[in-house]
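**Q** Sending over input_9.pdb (PDB, C-alpha atoms).
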```
MODEL        1
ATOM      1  CA  VAL A   1     134.070  99.974  41.920
ATOM      2  CA  ASN A   2     134.148 102.841  44.393
ATOM      3  CA  VAL A   3     133.584 101.083  47.705
ATOM      4  CA  LEU A   4     134.500 103.978  49.986
ATOM      5  CA  LYS A   5     130.908 104.957  50.791
ATOM      6  CA  ASP A   6     129.700 101.527  51.897
ATOM      7  CA  PRO A   7     132.626  99.112  52.383
ATOM      8  CA  GLU A   8     130.578  96.538  54.290
ATOM      9  CA  ALA A   9     128.248  96.060  51.327
ATOM     10  CA  TYR A  10     131.219  95.096  49.154
ATOM     11  CA  GLU A  11     132.917  92.870  51.772
ATOM     12  CA  ILE A  12     136.307  94.458  51.303
ATOM     13  CA  GLY A  13     139.205  92.079  51.751
ATOM     14  CA  THR A  14     137.293  88.817  52.027
ATOM     15  CA  GLY A  15     137.365  87.549  48.436
ATOM     16  CA  LEU A  16     140.363  85.855  46.870
ATOM     17  CA  ILE A  17     139.872  88.092  43.826
ATOM     18  CA  MET A  18     141.336  90.965  45.846
ATOM     19  CA  ASN A  19     144.799  89.430  45.499
ATOM     20  CA  TYR A  20     144.504  89.760  41.720
ATOM     21  CA  CYS A  21     143.196  93.330  41.613
ATOM     22  CA  PHE A  22     145.296  96.433  41.137
ATOM     23  CA  GLY A  23     144.965  99.240  43.650
ATOM     24  CA  HIS A  24     146.585 102.360  45.052
ATOM     25  CA  PRO A  25     146.861 103.179  48.767
ATOM     26  CA  LYS A  26     145.444 106.652  48.132
ATOM     27  CA  SER A  27     142.418 105.488  46.140
ATOM     28  CA  SER A  28     139.273 103.528  46.988
ATOM     29  CA  MET A  29     139.090 102.026  43.498
ATOM     30  CA  LEU A  30     140.344  98.547  42.655
ATOM     31  CA  LEU A  31     140.869  97.404  39.073
ATOM     32  CA  CYS A  32     140.002  93.711  38.925
ATOM     33  CA  PRO A  33     140.939  91.508  35.971
ATOM     34  CA  LEU A  34     138.824  89.999  33.237
ATOM     35  CA  THR A  35     141.684  87.979  31.752
ATOM     36  CA  SER A  36     144.465  85.710  32.997
ATOM     37  CA  ALA A  37     147.138  88.249  32.058
ATOM     38  CA  VAL A  38     147.219  89.256  35.720
ATOM     39  CA  LEU A  39     148.660  85.857  36.720
ATOM     40  CA  LEU A  40     152.194  87.211  36.984
ATOM     41  CA  ASN A  41     154.341  86.707  40.062
ATOM     42  CA  HIS A  42     156.004  89.461  42.057
ATOM     43  CA  CYS A  43     159.653  90.409  42.003
ATOM     44  CA  SER A  44     161.442  93.632  42.861
ATOM     45  CA  SER A  45     164.967  95.003  42.840
ATOM     46  CA  ARG A  46     164.488  95.593  46.566
ATOM     47  CA  THR A  47     164.330  91.889  47.411
ATOM     48  CA  ASN A  48     165.781  90.219  44.293
ATOM     49  CA  GLU A  49     163.465  87.192  44.290
ATOM     50  CA  CYS A  50     164.065  86.821  40.566
ATOM     51  CA  GLY A  51     167.727  87.745  40.481
ATOM     52  CA  PRO A  52     169.795  90.914  40.495
ATOM     53  CA  ASP A  53     168.164  92.299  37.358
ATOM     54  CA  GLY A  54     164.778  92.597  39.055
ATOM     55  CA  PRO A  55     161.429  92.303  37.256
ATOM     56  CA  ASN A  56     161.355  92.059  33.481
ATOM     57  CA  ALA A  57     157.905  93.567  32.849
ATOM     58  CA  ALA A  58     155.633  96.372  34.001
ATOM     59  CA  VAL A  59     151.980  97.378  33.880
ATOM     60  CA  ARG A  60     150.724 100.480  32.081
ATOM     61  CA  TRP A  61     147.557 101.837  30.519
ATOM     62  CA  SER A  62     146.516 100.384  27.162
ATOM     63  CA  SER A  63     148.405 101.966  24.268
ATOM     64  CA  GLY A  64     145.809 102.742  21.627
ATOM     65  CA  TRP A  65     144.119  99.381  21.130
ATOM     66  CA  ASP A  66     141.259 100.288  23.506
ATOM     67  CA  ALA A  67     140.210 103.869  22.776
ATOM     68  CA  PRO A  68     137.312 104.003  25.294
ATOM     69  CA  SER A  69     139.788 103.235  28.070
ATOM     70  CA  TYR A  70     141.512 106.565  27.447
ATOM     71  CA  GLU A  71     138.218 108.438  27.725
ATOM     72  CA  TRP A  72     137.290 106.761  30.994
ATOM     73  CA  ARG A  73     140.548 107.771  32.646
ATOM     74  CA  ASN A  74     139.156 111.290  32.732
ATOM     75  CA  LYS A  75     135.918 110.195  34.406
ATOM     76  CA  THR A  76     135.267 110.506  38.120
ATOM     77  CA  LEU A  77     135.095 107.494  40.413
ATOM     78  CA  GLU A  78     131.370 108.092  40.757
ATOM     79  CA  GLU A  79     130.889 107.968  36.981
ATOM     80  CA  ILE A  80     132.931 104.781  36.713
ATOM     81  CA  GLU A  81     130.959 103.190  39.540
ATOM     82  CA  GLN A  82     127.699 103.662  37.636
ATOM     83  CA  HIS A  83     128.992 101.813  34.568
ATOM     84  CA  PRO A  84     128.310  98.059  34.801
ATOM     85  CA  TRP A  85     130.866  96.857  32.228
ATOM     86  CA  ARG A  86     134.567  97.050  31.547
ATOM     87  CA  VAL A  87     135.760 100.595  30.974
ATOM     88  CA  LEU A  88     139.525 100.556  31.612
ATOM     89  CA  SER A  89     142.328  98.465  30.134
ATOM     90  CA  LEU A  90     145.878  97.777  31.258
ATOM     91  CA  GLU A  91     148.660  96.044  29.374
ATOM     92  CA  VAL A  92     151.854  94.285  30.391
ATOM     93  CA  ILE A  93     155.043  95.306  28.588
ATOM     94  CA  ALA A  94     158.573  93.926  28.713
ATOM     95  CA  THR A  95     161.110  96.252  30.343
ATOM     96  CA  ARG A  96     164.067  94.252  29.030
ATOM     97  CA  ASP A  97     164.698  91.272  26.785
ATOM     98  CA  ILE A  98     162.948  88.115  28.019
ATOM     99  CA  ALA A  99     164.488  84.805  27.033
ATOM    100  CA  PRO A 100     162.364  81.858  25.840
ATOM    101  CA  GLY A 101     161.109  79.958  28.884
ATOM    102  CA  GLU A 102     161.974  82.807  31.273
ATOM    103  CA  GLU A 103     159.223  83.660  33.760
ATOM    104  CA  VAL A 104     157.611  87.079  33.497
ATOM    105  CA  PHE A 105     157.629  89.151  36.704
ATOM    106  CA  ILE A 106     156.180  92.521  37.683
ATOM    107  CA  ASP A 107     156.728  94.622  40.796
ATOM    108  CA  TYR A 108     153.681  94.584  43.115
ATOM    109  CA  GLY A 109     154.959  97.611  45.033
ATOM    110  CA  VAL A 110     156.379  98.458  48.447
ATOM    111  CA  GLU A 111     153.008  98.324  50.273
ATOM    112  CA  TRP A 112     152.367  94.796  48.975
ATOM    113  CA  GLU A 113     155.856  93.642  50.008
ATOM    114  CA  LYS A 114     155.376  94.992  53.526
ATOM    115  CA  ALA A 115     151.936  93.379  53.808
ATOM    116  CA  TRP A 116     153.260  90.010  52.604
ATOM    117  CA  ALA A 117     156.243  90.108  54.972
ATOM    118  CA  ASP A 118     153.923  90.905  57.882
ATOM    119  CA  HIS A 119     151.620  88.034  56.891
ATOM    120  CA  VAL A 120     154.497  85.537  56.683
ATOM    121  CA  ASN A 121     155.826  86.641  60.084
ATOM    122  CA  HIS A 122     152.471  86.363  61.863
ATOM    123  CA  TRP A 123     150.643  83.562  60.046
ATOM    124  CA  LYS A 124     149.749  80.569  62.179
ATOM    125  CA  SER A 125     148.406  77.478  60.516
ATOM    126  CA  PRO A 126     145.106  76.346  62.026
ATOM    127  CA  ASP A 127     144.921  73.111  63.956
ATOM    128  CA  VAL A 128     144.071  70.090  61.851
ATOM    129  CA  PRO A 129     140.811  68.531  63.124
ATOM    130  CA  PRO A 130     140.867  64.853  64.146
ATOM    131  CA  GLY A 131     140.229  62.526  61.226
ATOM    132  CA  PHE A 132     140.878  65.278  58.690
ATOM    133  CA  LEU A 133     140.372  64.078  55.135
ATOM    134  CA  THR A 134     140.909  66.089  51.982
ATOM    135  CA  ALA A 135     138.409  65.857  49.150
ATOM    136  CA  GLN A 136     141.049  64.119  47.033
ATOM    137  CA  GLU A 137     141.726  61.564  49.749
ATOM    138  CA  ALA A 138     138.006  60.974  50.202
ATOM    139  CA  ASN A 139     137.563  60.373  46.473
ATOM    140  CA  LEU A 140     140.510  57.983  46.282
ATOM    141  CA  GLN A 141     139.685  55.921  49.338
ATOM    142  CA  GLU A 142     138.508  52.367  48.879
ATOM    143  CA  GLY A 143     135.741  50.600  50.735
ATOM    144  CA  PRO A 144     132.256  51.764  51.709
ATOM    145  CA  ILE A 145     131.245  55.365  52.268
ATOM    146  CA  PRO A 146     132.218  56.444  55.822
ATOM    147  CA  GLU A 147     129.365  56.661  58.316
ATOM    148  CA  THR A 148     130.039  60.387  58.829
ATOM    149  CA  PHE A 149     128.668  60.951  55.309
ATOM    150  CA  ILE A 150     125.520  58.842  55.774
ATOM    151  CA  SER A 151     122.436  60.438  57.331
ATOM    152  CA  GLY A 152     120.626  57.202  58.259
ATOM    153  CA  ASP A 153     117.279  58.997  57.953
ATOM    154  CA  LEU A 154     115.133  59.844  54.897
ATOM    155  CA  ARG A 155     114.375  63.240  56.415
ATOM    156  CA  LYS A 156     117.878  64.322  57.432
ATOM    157  CA  THR A 157     120.892  65.663  55.575
ATOM    158  CA  VAL A 158     124.576  65.450  56.487
ATOM    159  CA  ASP A 159     126.371  68.592  57.642
ATOM    160  CA  HIS A 160     130.057  67.734  57.396
ATOM    161  CA  PRO A 161     132.420  70.504  58.581
ATOM    162  CA  TYR A 162     134.136  71.055  55.240
ATOM    163  CA  LEU A 163     133.106  68.432  52.643
ATOM    164  CA  PHE A 164     129.855  67.572  50.897
ATOM    165  CA  THR A 165     128.764  64.803  48.580
ATOM    166  CA  ALA A 166     127.464  65.329  45.066
ATOM    167  CA  CYS A 167     125.944  62.721  42.772
ATOM    168  CA  GLN A 168     126.218  62.165  39.049
ATOM    169  CA  TYR A 169     122.668  63.045  38.046
ATOM    170  CA  ILE A 170     121.110  62.754  34.585
ATOM    171  CA  THR A 171     118.131  65.073  34.268
ATOM    172  CA  SER A 172     114.913  63.964  32.599
ATOM    173  CA  GLY A 173     111.235  64.828  32.301
ATOM    174  CA  THR A 174     110.882  63.868  35.941
ATOM    175  CA  ASP A 175     112.713  67.048  36.884
ATOM    176  CA  SER A 176     110.504  69.339  34.818
ATOM    177  CA  HIS A 177     107.039  67.789  35.027
ATOM    178  CA  GLY A 178     107.174  64.533  36.987
ATOM    179  CA  SER A 179     103.665  63.800  38.214
ATOM    180  CA  ARG A 180     104.688  62.389  41.581
ATOM    181  CA  TYR A 181     106.536  65.648  42.338
ATOM    182  CA  SER A 182     104.011  68.085  40.840
ATOM    183  CA  SER A 183     102.239  69.008  44.084
ATOM    184  CA  PRO A 184     103.695  70.744  47.144
ATOM    185  CA  ASN A 185     103.635  68.680  50.317
ATOM    186  CA  PRO A 186     105.172  70.465  53.294
ATOM    187  CA  ASP A 187     104.098  67.571  55.521
ATOM    188  CA  TRP A 188     106.033  64.882  53.656
ATOM    189  CA  PRO A 189     108.451  64.382  56.623
ATOM    190  CA  LYS A 190     105.462  63.187  58.661
ATOM    191  CA  LEU A 191     104.904  60.251  56.316
ATOM    192  CA  THR A 192     106.296  56.840  57.188
ATOM    193  CA  ASP A 193     109.471  55.677  55.484
ATOM    194  CA  LYS A 194     107.437  53.270  53.392
ATOM    195  CA  GLU A 195     105.080  56.049  52.263
ATOM    196  CA  ILE A 196     107.965  58.408  51.432
ATOM    197  CA  LEU A 197     109.699  55.804  49.302
ATOM    198  CA  ALA A 198     106.482  54.805  47.555
ATOM    199  CA  GLN A 199     105.733  58.409  46.617
ATOM    200  CA  TYR A 200     109.130  60.010  46.067
ATOM    201  CA  SER A 201     111.717  57.355  45.178
ATOM    202  CA  SER A 202     112.771  55.704  41.952
ATOM    203  CA  ASP A 203     115.603  53.487  40.732
ATOM    204  CA  GLY A 204     118.888  55.347  40.293
ATOM    205  CA  ALA A 205     120.923  52.702  38.474
ATOM    206  CA  LYS A 206     121.090  54.761  35.259
ATOM    207  CA  HIS A 207     122.921  57.674  36.869
ATOM    208  CA  VAL A 208     126.457  56.602  36.022
ATOM    209  CA  TYR A 209     129.395  58.185  34.227
ATOM    210  CA  SER A 210     129.367  57.953  30.455
ATOM    211  CA  THR A 211     133.070  56.971  30.274
ATOM    212  CA  ASP A 212     135.558  54.956  32.313
ATOM    213  CA  LYS A 213     137.269  58.195  33.360
ATOM    214  CA  GLY A 214     134.473  58.961  35.814
ATOM    215  CA  TYR A 215     134.324  62.495  37.177
ATOM    216  CA  ALA A 216     136.305  64.801  34.918
ATOM    217  CA  LYS A 217     135.310  68.456  35.235
ATOM    218  CA  HIS A 218     132.944  70.947  36.863
ATOM    219  CA  SER A 219     131.780  72.521  33.617
ATOM    220  CA  ASP A 220     129.475  69.680  32.596
ATOM    221  CA  TYR A 221     127.148  70.546  35.533
ATOM    222  CA  SER A 222     126.366  66.859  35.936
ATOM    223  CA  HIS A 223     126.940  66.656  39.682
ATOM    224  CA  TRP A 224     124.101  67.696  41.967
ATOM    225  CA  PRO A 225     124.479  67.999  45.746
ATOM    226  CA  CYS A 226     123.139  64.878  47.404
ATOM    227  CA  THR A 227     122.695  63.226  50.770
ATOM    228  CA  VAL A 228     123.656  59.586  51.192
ATOM    229  CA  LEU A 229     120.729  58.148  53.151
ATOM    230  CA  TYR A 230     121.424  54.436  53.575
ATOM    231  CA  PRO A 231     123.632  51.692  52.164
ATOM    232  CA  GLU A 232     121.686  49.172  50.093
ATOM    233  CA  LYS A 233     121.993  45.417  50.554
ATOM    234  CA  GLU A 234     124.074  45.137  47.387
ATOM    235  CA  GLU A 235     127.668  46.173  47.961
ATOM    236  CA  GLY A 236     128.553  49.520  46.400
ATOM    237  CA  LYS A 237     124.908  50.619  46.128
ATOM    238  CA  TYR A 238     123.262  53.388  48.169
ATOM    239  CA  MET A 239     120.011  55.233  48.649
ATOM    240  CA  VAL A 240     120.534  58.953  48.068
ATOM    241  CA  ARG A 241     118.525  62.142  48.065
ATOM    242  CA  ILE A 242     119.272  64.599  45.274
ATOM    243  CA  HIS A 243     119.276  68.329  46.034
ATOM    244  CA  GLN A 244     118.856  71.196  43.596
ATOM    245  CA  SER A 245     121.957  72.080  41.585
ATOM    246  CA  PRO A 246     123.279  75.548  42.550
ATOM    247  CA  PHE A 247     124.472  76.356  39.033
ATOM    248  CA  ARG A 248     122.546  79.155  37.364
ATOM    249  CA  LYS A 249     122.621  77.334  34.030
ATOM    250  CA  VAL A 250     120.620  74.466  35.514
ATOM    251  CA  ASP A 251     116.823  74.820  35.611
ATOM    252  CA  GLU A 252     115.038  74.467  38.909
ATOM    253  CA  ALA A 253     113.569  70.991  39.271
ATOM    254  CA  VAL A 254     109.854  70.626  39.934
ATOM    255  CA  TRP A 255     110.514  68.596  43.081
ATOM    256  CA  HIS A 256     112.669  71.383  44.493
ATOM    257  CA  LYS A 257     110.116  74.005  43.571
ATOM    258  CA  ASN A 258     107.419  72.070  45.404
ATOM    259  CA  GLY A 259     109.585  71.236  48.400
ATOM    260  CA  VAL A 260     109.453  67.451  48.138
ATOM    261  CA  PRO A 261     112.368  64.971  48.126
ATOM    262  CA  ARG A 262     113.961  63.367  45.073
ATOM    263  CA  ILE A 263     115.150  59.964  46.331
ATOM    264  CA  LEU A 264     117.057  57.436  44.253
ATOM    265  CA  THR A 265     117.649  53.822  45.234
ATOM    266  CA  ASN A 266     120.213  51.377  43.867
ATOM    267  CA  PHE A 267     122.605  54.291  43.307
ATOM    268  CA  SER A 268     126.207  53.413  42.443
ATOM    269  CA  GLN A 269     128.927  54.510  44.856
ATOM    270  CA  GLU A 270     131.126  55.309  41.852
ATOM    271  CA  SER A 271     128.686  58.099  40.955
ATOM    272  CA  ILE A 272     129.131  59.811  44.319
ATOM    273  CA  HIS A 273     131.890  62.407  44.507
ATOM    274  CA  TYR A 274     133.274  64.499  47.385
ATOM    275  CA  PHE A 275     133.736  68.244  47.083
ATOM    276  CA  VAL A 276     134.991  71.002  49.373
ATOM    277  CA  LYS A 277     132.160  73.084  50.804
ATOM    278  CA  PRO A 278     131.877  76.686  49.659
ATOM    279  CA  GLU A 279     133.751  78.946  52.070
ATOM    280  CA  SER A 280     135.708  75.961  53.449
ATOM    281  CA  ALA A 281     138.663  75.816  51.065
ATOM    282  CA  ASP A 282     142.169  76.770  52.234
ATOM    283  CA  GLN A 283     141.924  80.232  50.683
ATOM    284  CA  MET A 284     138.964  80.982  52.967
ATOM    285  CA  LEU A 285     140.732  80.189  56.246
ATOM    286  CA  PRO A 286     140.782  82.939  58.904
ATOM    287  CA  GLY A 287     143.735  85.268  58.548
ATOM    288  CA  VAL A 288     144.623  84.393  54.962
ATOM    289  CA  PHE A 289     146.491  86.954  52.908
ATOM    290  CA  ARG A 290     144.420  89.612  51.159
ATOM    291  CA  HIS A 291     146.092  92.586  49.492
ATOM    292  CA  PRO A 292     145.801  94.153  46.028
ATOM    293  CA  ILE A 293     148.699  94.430  43.619
ATOM    294  CA  GLY A 294     150.128  97.934  43.750
ATOM    295  CA  ILE A 295     149.435 100.056  40.718
ATOM    296  CA  PRO A 296     152.580 101.994  39.685
ATOM    297  CA  ASP A 297     152.692 105.590  40.893
ATOM    298  CA  GLY A 298     151.545 108.052  38.278
ATOM    299  CA  LEU A 299     148.965 105.783  36.623
ATOM    300  CA  TYR A 300     145.974 106.847  38.688
ATOM    301  CA  PRO A 301     144.992 110.450  37.896
ATOM    302  CA  ASP A 302     144.829 112.852  40.831
ATOM    303  CA  HIS A 303     141.024 112.951  40.851
ATOM    304  CA  TRP A 304     140.968 109.234  41.738
ATOM    305  CA  LEU A 305     143.160 109.741  44.832
ATOM    306  CA  ASN A 306     140.319 110.151  47.303
ATOM    307  CA  VAL A 307     141.744 108.463  50.402
ATOM    308  CA  GLN A 308     143.350 110.704  52.981
ATOM    309  CA  GLU A 309     146.545 109.516  54.634
ATOM    310  CA  SER A 310     146.073 108.552  58.281
ATOM    311  CA  GLY A 311     147.778 110.611  60.916
TER     312      GLY A 311
ENDMDL
END
```
Please express what this file holds, its structure, as structure tokens.

**A**
Amino acid sequence: VNVLKDPEAYEIGTGLIMNYCFGHPKSSMLLCPLTSAVLLNHCSSRTNECGPDGPNAAVRWSSGWDAPSYEWRNKTLEEIEQHPWRVLSLEVIATRDIAPGEEVFIDYGVEWEKAWADHVNHWKSPDVPPGFLTAQEANLQEGPIPETFISGDLRKTVDHPYLFTACQYITSGTDSHGSRYSSPNPDWPKLTDKEILAQYSSDGAKHVYSTDKGYAKHSDYSHWPCTVLYPEKEEGKYMVRIHQSPFRKVDEAVWHKNGVPRILTNFSQESIHYFVKPESADQMLPGVFRHPIGIPDGLYPDHWLNVQESG
């Protein structure tokens, strides 16, 4: 993408993906990967991280297996920007014999090395907040859910600084056409607790993991953001409010569409999982390293070199 005209719209330098894109200091275009072939570490003969022989591989344009890529190398940046799909292909080749089990390295370039050295020299780890708890630690801890994750009010959610709770949630007809959720009610917070529970709650005992392994992976889309409202009288049981799943593959629930709560009682603590909030993971900390991998000189054609040197 040619981001030179409107860099703010593309949020240059904020996304982790930038560290896996190829770029040139004299061009506004970044080539970002569609495969995991880019997951190669850096080494150069200048610093000898991988030994005196230096890197054992290099990046170059595709060699015949992707004919359209050759045609697009003659296009302008503006023409490439208007194309929504992949148009260019790179390949990684060995520059010397690579032994079985030997790691593959490429040279990220002088600009990347300088940027990384500057980052290492100036990076300061942020202060750890009191009571800091990782998502893994939260999920492994024994005992009841900490009070910091319990709202104590049917109408309130919990805004933890960096974690959120999600509940194992099995969708049903209630989410698509449930009668008690079929009408909008913007005034539902004005109801009494008893009225809210009578209208919008149901038993949540069935929402449990299908195997003894418990939570296994993100890709099953079975966890929906939730607020823990109150502990129930029975140990290990809670009242929770389910929120709409953010995944695009999950249909919008009727209760979310109509702005009314989906409350479950008798919900098992084992079905409540802790996750790191979006934008709160370590890679999103202020001052983290962001720099593209340097494309070897000579790969970008001259008509792509549209950035003037400063000074």

**Q** Can you list, as a PyMOL selection string, the residues that the PyMOL selection byres ((chain A and resi 152-161) around 12) selects here?

**A** chain A and resi 129-135+146-151+162-166+187-197+200-201+225-232+238-243+260-265+274-281

**Q** Figure out the distance between CA of Ser222 (chain A) and CA of Glu235 (chain A), please, to one decimal in Å.

**A**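 Taking CA of Glu235 (chain A) as the start and CA of Ser222 (chain A) as the end point, the length is 24.0 Å.
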
**Q** Specify as an mmCIF file with C-alpha atoms, keeping the file's coordinate frame each residue included when the PyMOL selection byres ((chain A and resi 77-88) around 8) is applied to this file.

**A**
```cif
data_model
loop_
_atom_site.group_PDB
_atom_site.id
_atom_site.type_symbol
_atom_site.label_atom_id
_atom_site.label_comp_id
_atom_site.auth_asym_id
_atom_site.auth_seq_id
_atom_site.Cartn_x
_atom_site.Cartn_y
_atom_site.Cartn_z
ATOM 1 C CA VAL A 1 134.070 99.974 41.920
ATOM 2 C CA ASN A 2 134.148 102.841 44.393
ATOM 3 C CA MET A 29 139.090 102.026 43.498
ATOM 4 C CA PRO A 68 137.312 104.003 25.294
ATOM 5 C CA SER A 69 139.788 103.235 28.070
ATOM 6 C CA TYR A 70 141.512 106.565 27.447
ATOM 7 C CA TRP A 72 137.290 106.761 30.994
ATOM 8 C CA ARG A 73 140.548 107.771 32.646
ATOM 9 C CA LYS A 75 135.918 110.195 34.406
ATOM 10 C CA THR A 76 135.267 110.506 38.120
ATOM 11 C CA SER A 89 142.328 98.465 30.134
ATOM 12 C CA LEU A 90 145.878 97.777 31.258
ATOM 13 C CA TRP A 304 140.968 109.234 41.738
#
```

**Q** Would you write out, as number ranges by chain, every residue that the PyMOL selection byres ((chain A and resi 20-23) around 7) captures in this file?

**A** A: 17-19, 24-25, 29-33, 38, 292-295

**Q** At what distance in Å, to one decimal, does CA of Leu16 (chain A) lie from CA of Arg46 (chain A)?

**A** 26.0 Å

**Q** So how many Å separate CA of Ser268 (chain A) and CA of Gly236 (chain A), to one decimal?

**A**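 That distance, rounded to one decimal, is 6.0 Å.
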
**Q** Residues around (155.0, 90.2, 39.7), cut-off 12 Å, counting only C-alpha atoms - what are they as a ChimeraX atom specification?

**A** /A:19-20,22,37-45,48-50,54-59,92,103-109,112-113,292-295

**Q** Can you tell me which residues surround Val250 (chain A) at a distance of at most 9 Å, considering all atoms listed in the file, apart from same-chain residues fewer than 5 positions away, and format the answer as a ChimeraX atom specification?

**A** /A:221,244-245

**Q** Those residues with C-alpha atoms, as an mmCIF file, keeping the file's coordinate frame please?

**A**
```cif
data_model
loop_
_atom_site.group_PDB
_atom_site.id
_atom_site.type_symbol
_atom_site.label_atom_id
_atom_site.label_comp_id
_atom_site.auth_asym_id
_atom_site.auth_seq_id
_atom_site.Cartn_x
_atom_site.Cartn_y
_atom_site.Cartn_z
ATOM 1 C CA TYR A 221 127.148 70.546 35.533
ATOM 2 C CA GLN A 244 118.856 71.196 43.596
ATOM 3 C CA SER A 245 121.957 72.080 41.585
#
```

**Q** Which one is closest to Gly287 (chain A): A:Ser125, A:Gln168, A:Gln136, A:Ser176? Count all atoms listed in the file.

**A**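 The closest residue to Gly287 (chain A) is A:Ser125.
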
**Q** Select, from A:Ala205, A:Val254, A:His291, A:His303, the residue with the minimum atom-to-atom distance to Glu111 (chain A), counting only C-alpha atoms.

**A**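 Between A:Ala205, A:Val254, A:His291, A:His303, the residue approaching Glu111 (chain A) most closely is A:His291.
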
**Q** Which is closer to Arg180 (chain A) than all the others in A:Asn258, A:Ser271, A:Asp220, A:Asn121, using all atoms listed in the file?

**A** A:Asn258

**Q** Give the answer as one residue: which of A:Asp297, A:Glu309, A:Asp212, A:Asp175 has the shortest atom-to-atom distance to Ala253 (chain A), using all atoms listed in the file?

**A**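 Result for the nearest residue to Ala253 (chain A): A:Asp175.
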
**Q** Complete region 133-146 of chain A with N, CA, C and O atoms (output as a tab-separated table (two decimals), in the frame of the given file).

**A**
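result20.tsv written:
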```tsv
chain	number	residue	atom	x	y	z
A	133	LEU	N	140.31	64.77	56.42
A	133	LEU	CA	140.37	64.08	55.14
A	133	LEU	C	140.16	65.09	54.03
A	133	LEU	O	139.16	65.82	54.03
A	134	THR	N	141.10	65.18	53.10
A	134	THR	CA	140.91	66.09	51.98
A	134	THR	C	139.90	65.50	51.01
A	134	THR	O	139.61	64.30	51.04
A	135	ALA	N	139.35	66.34	50.15
A	135	ALA	CA	138.41	65.86	49.15
A	135	ALA	C	139.08	64.83	48.24
A	135	ALA	O	138.47	63.82	47.86
A	136	GLN	N	140.33	65.07	47.89
A	136	GLN	CA	141.05	64.12	47.03
A	136	GLN	C	141.21	62.77	47.73
A	136	GLN	O	140.99	61.72	47.13
A	137	GLU	N	141.57	62.81	49.01
A	137	GLU	CA	141.73	61.56	49.75
A	137	GLU	C	140.40	60.83	49.87
A	137	GLU	O	140.33	59.60	49.75
A	138	ALA	N	139.32	61.60	50.09
A	138	ALA	CA	138.01	60.97	50.20
A	138	ALA	C	137.61	60.30	48.90
A	138	ALA	O	137.03	59.21	48.88
A	139	ASN	N	137.94	60.93	47.77
A	139	ASN	CA	137.56	60.37	46.47
A	139	ASN	C	138.42	59.17	46.08
A	139	ASN	O	137.99	58.34	45.28
A	140	LEU	N	139.62	59.08	46.63
A	140	LEU	CA	140.51	57.98	46.28
A	140	LEU	C	140.40	56.79	47.23
A	140	LEU	O	140.90	55.71	46.93
A	141	GLN	N	139.74	57.01	48.36
A	141	GLN	CA	139.68	55.92	49.34
A	141	GLN	C	138.84	54.76	48.82
A	141	GLN	O	137.89	54.93	48.08
A	142	GLU	N	139.23	53.57	49.25
A	142	GLU	CA	138.51	52.37	48.88
A	142	GLU	C	137.59	51.95	50.01
A	142	GLU	O	137.70	52.42	51.14
A	143	GLY	N	136.66	51.06	49.71
A	143	GLY	CA	135.74	50.60	50.74
A	143	GLY	C	134.45	51.39	50.74
A	143	GLY	O	134.23	52.28	49.91
A	144	PRO	N	133.56	51.10	51.67
A	144	PRO	CA	132.26	51.76	51.71
A	144	PRO	C	132.36	53.23	52.11
A	144	PRO	O	133.39	53.68	52.63
A	145	ILE	N	131.30	53.96	51.88
A	145	ILE	CA	131.24	55.36	52.27
A	145	ILE	C	131.28	55.46	53.80
A	145	ILE	O	130.54	54.75	54.48
A	146	PRO	N	132.13	56.32	54.36
A	146	PRO	CA	132.22	56.44	55.82
A	146	PRO	C	130.87	56.85	56.43
A	146	PRO	O	130.09	57.58	55.82
```
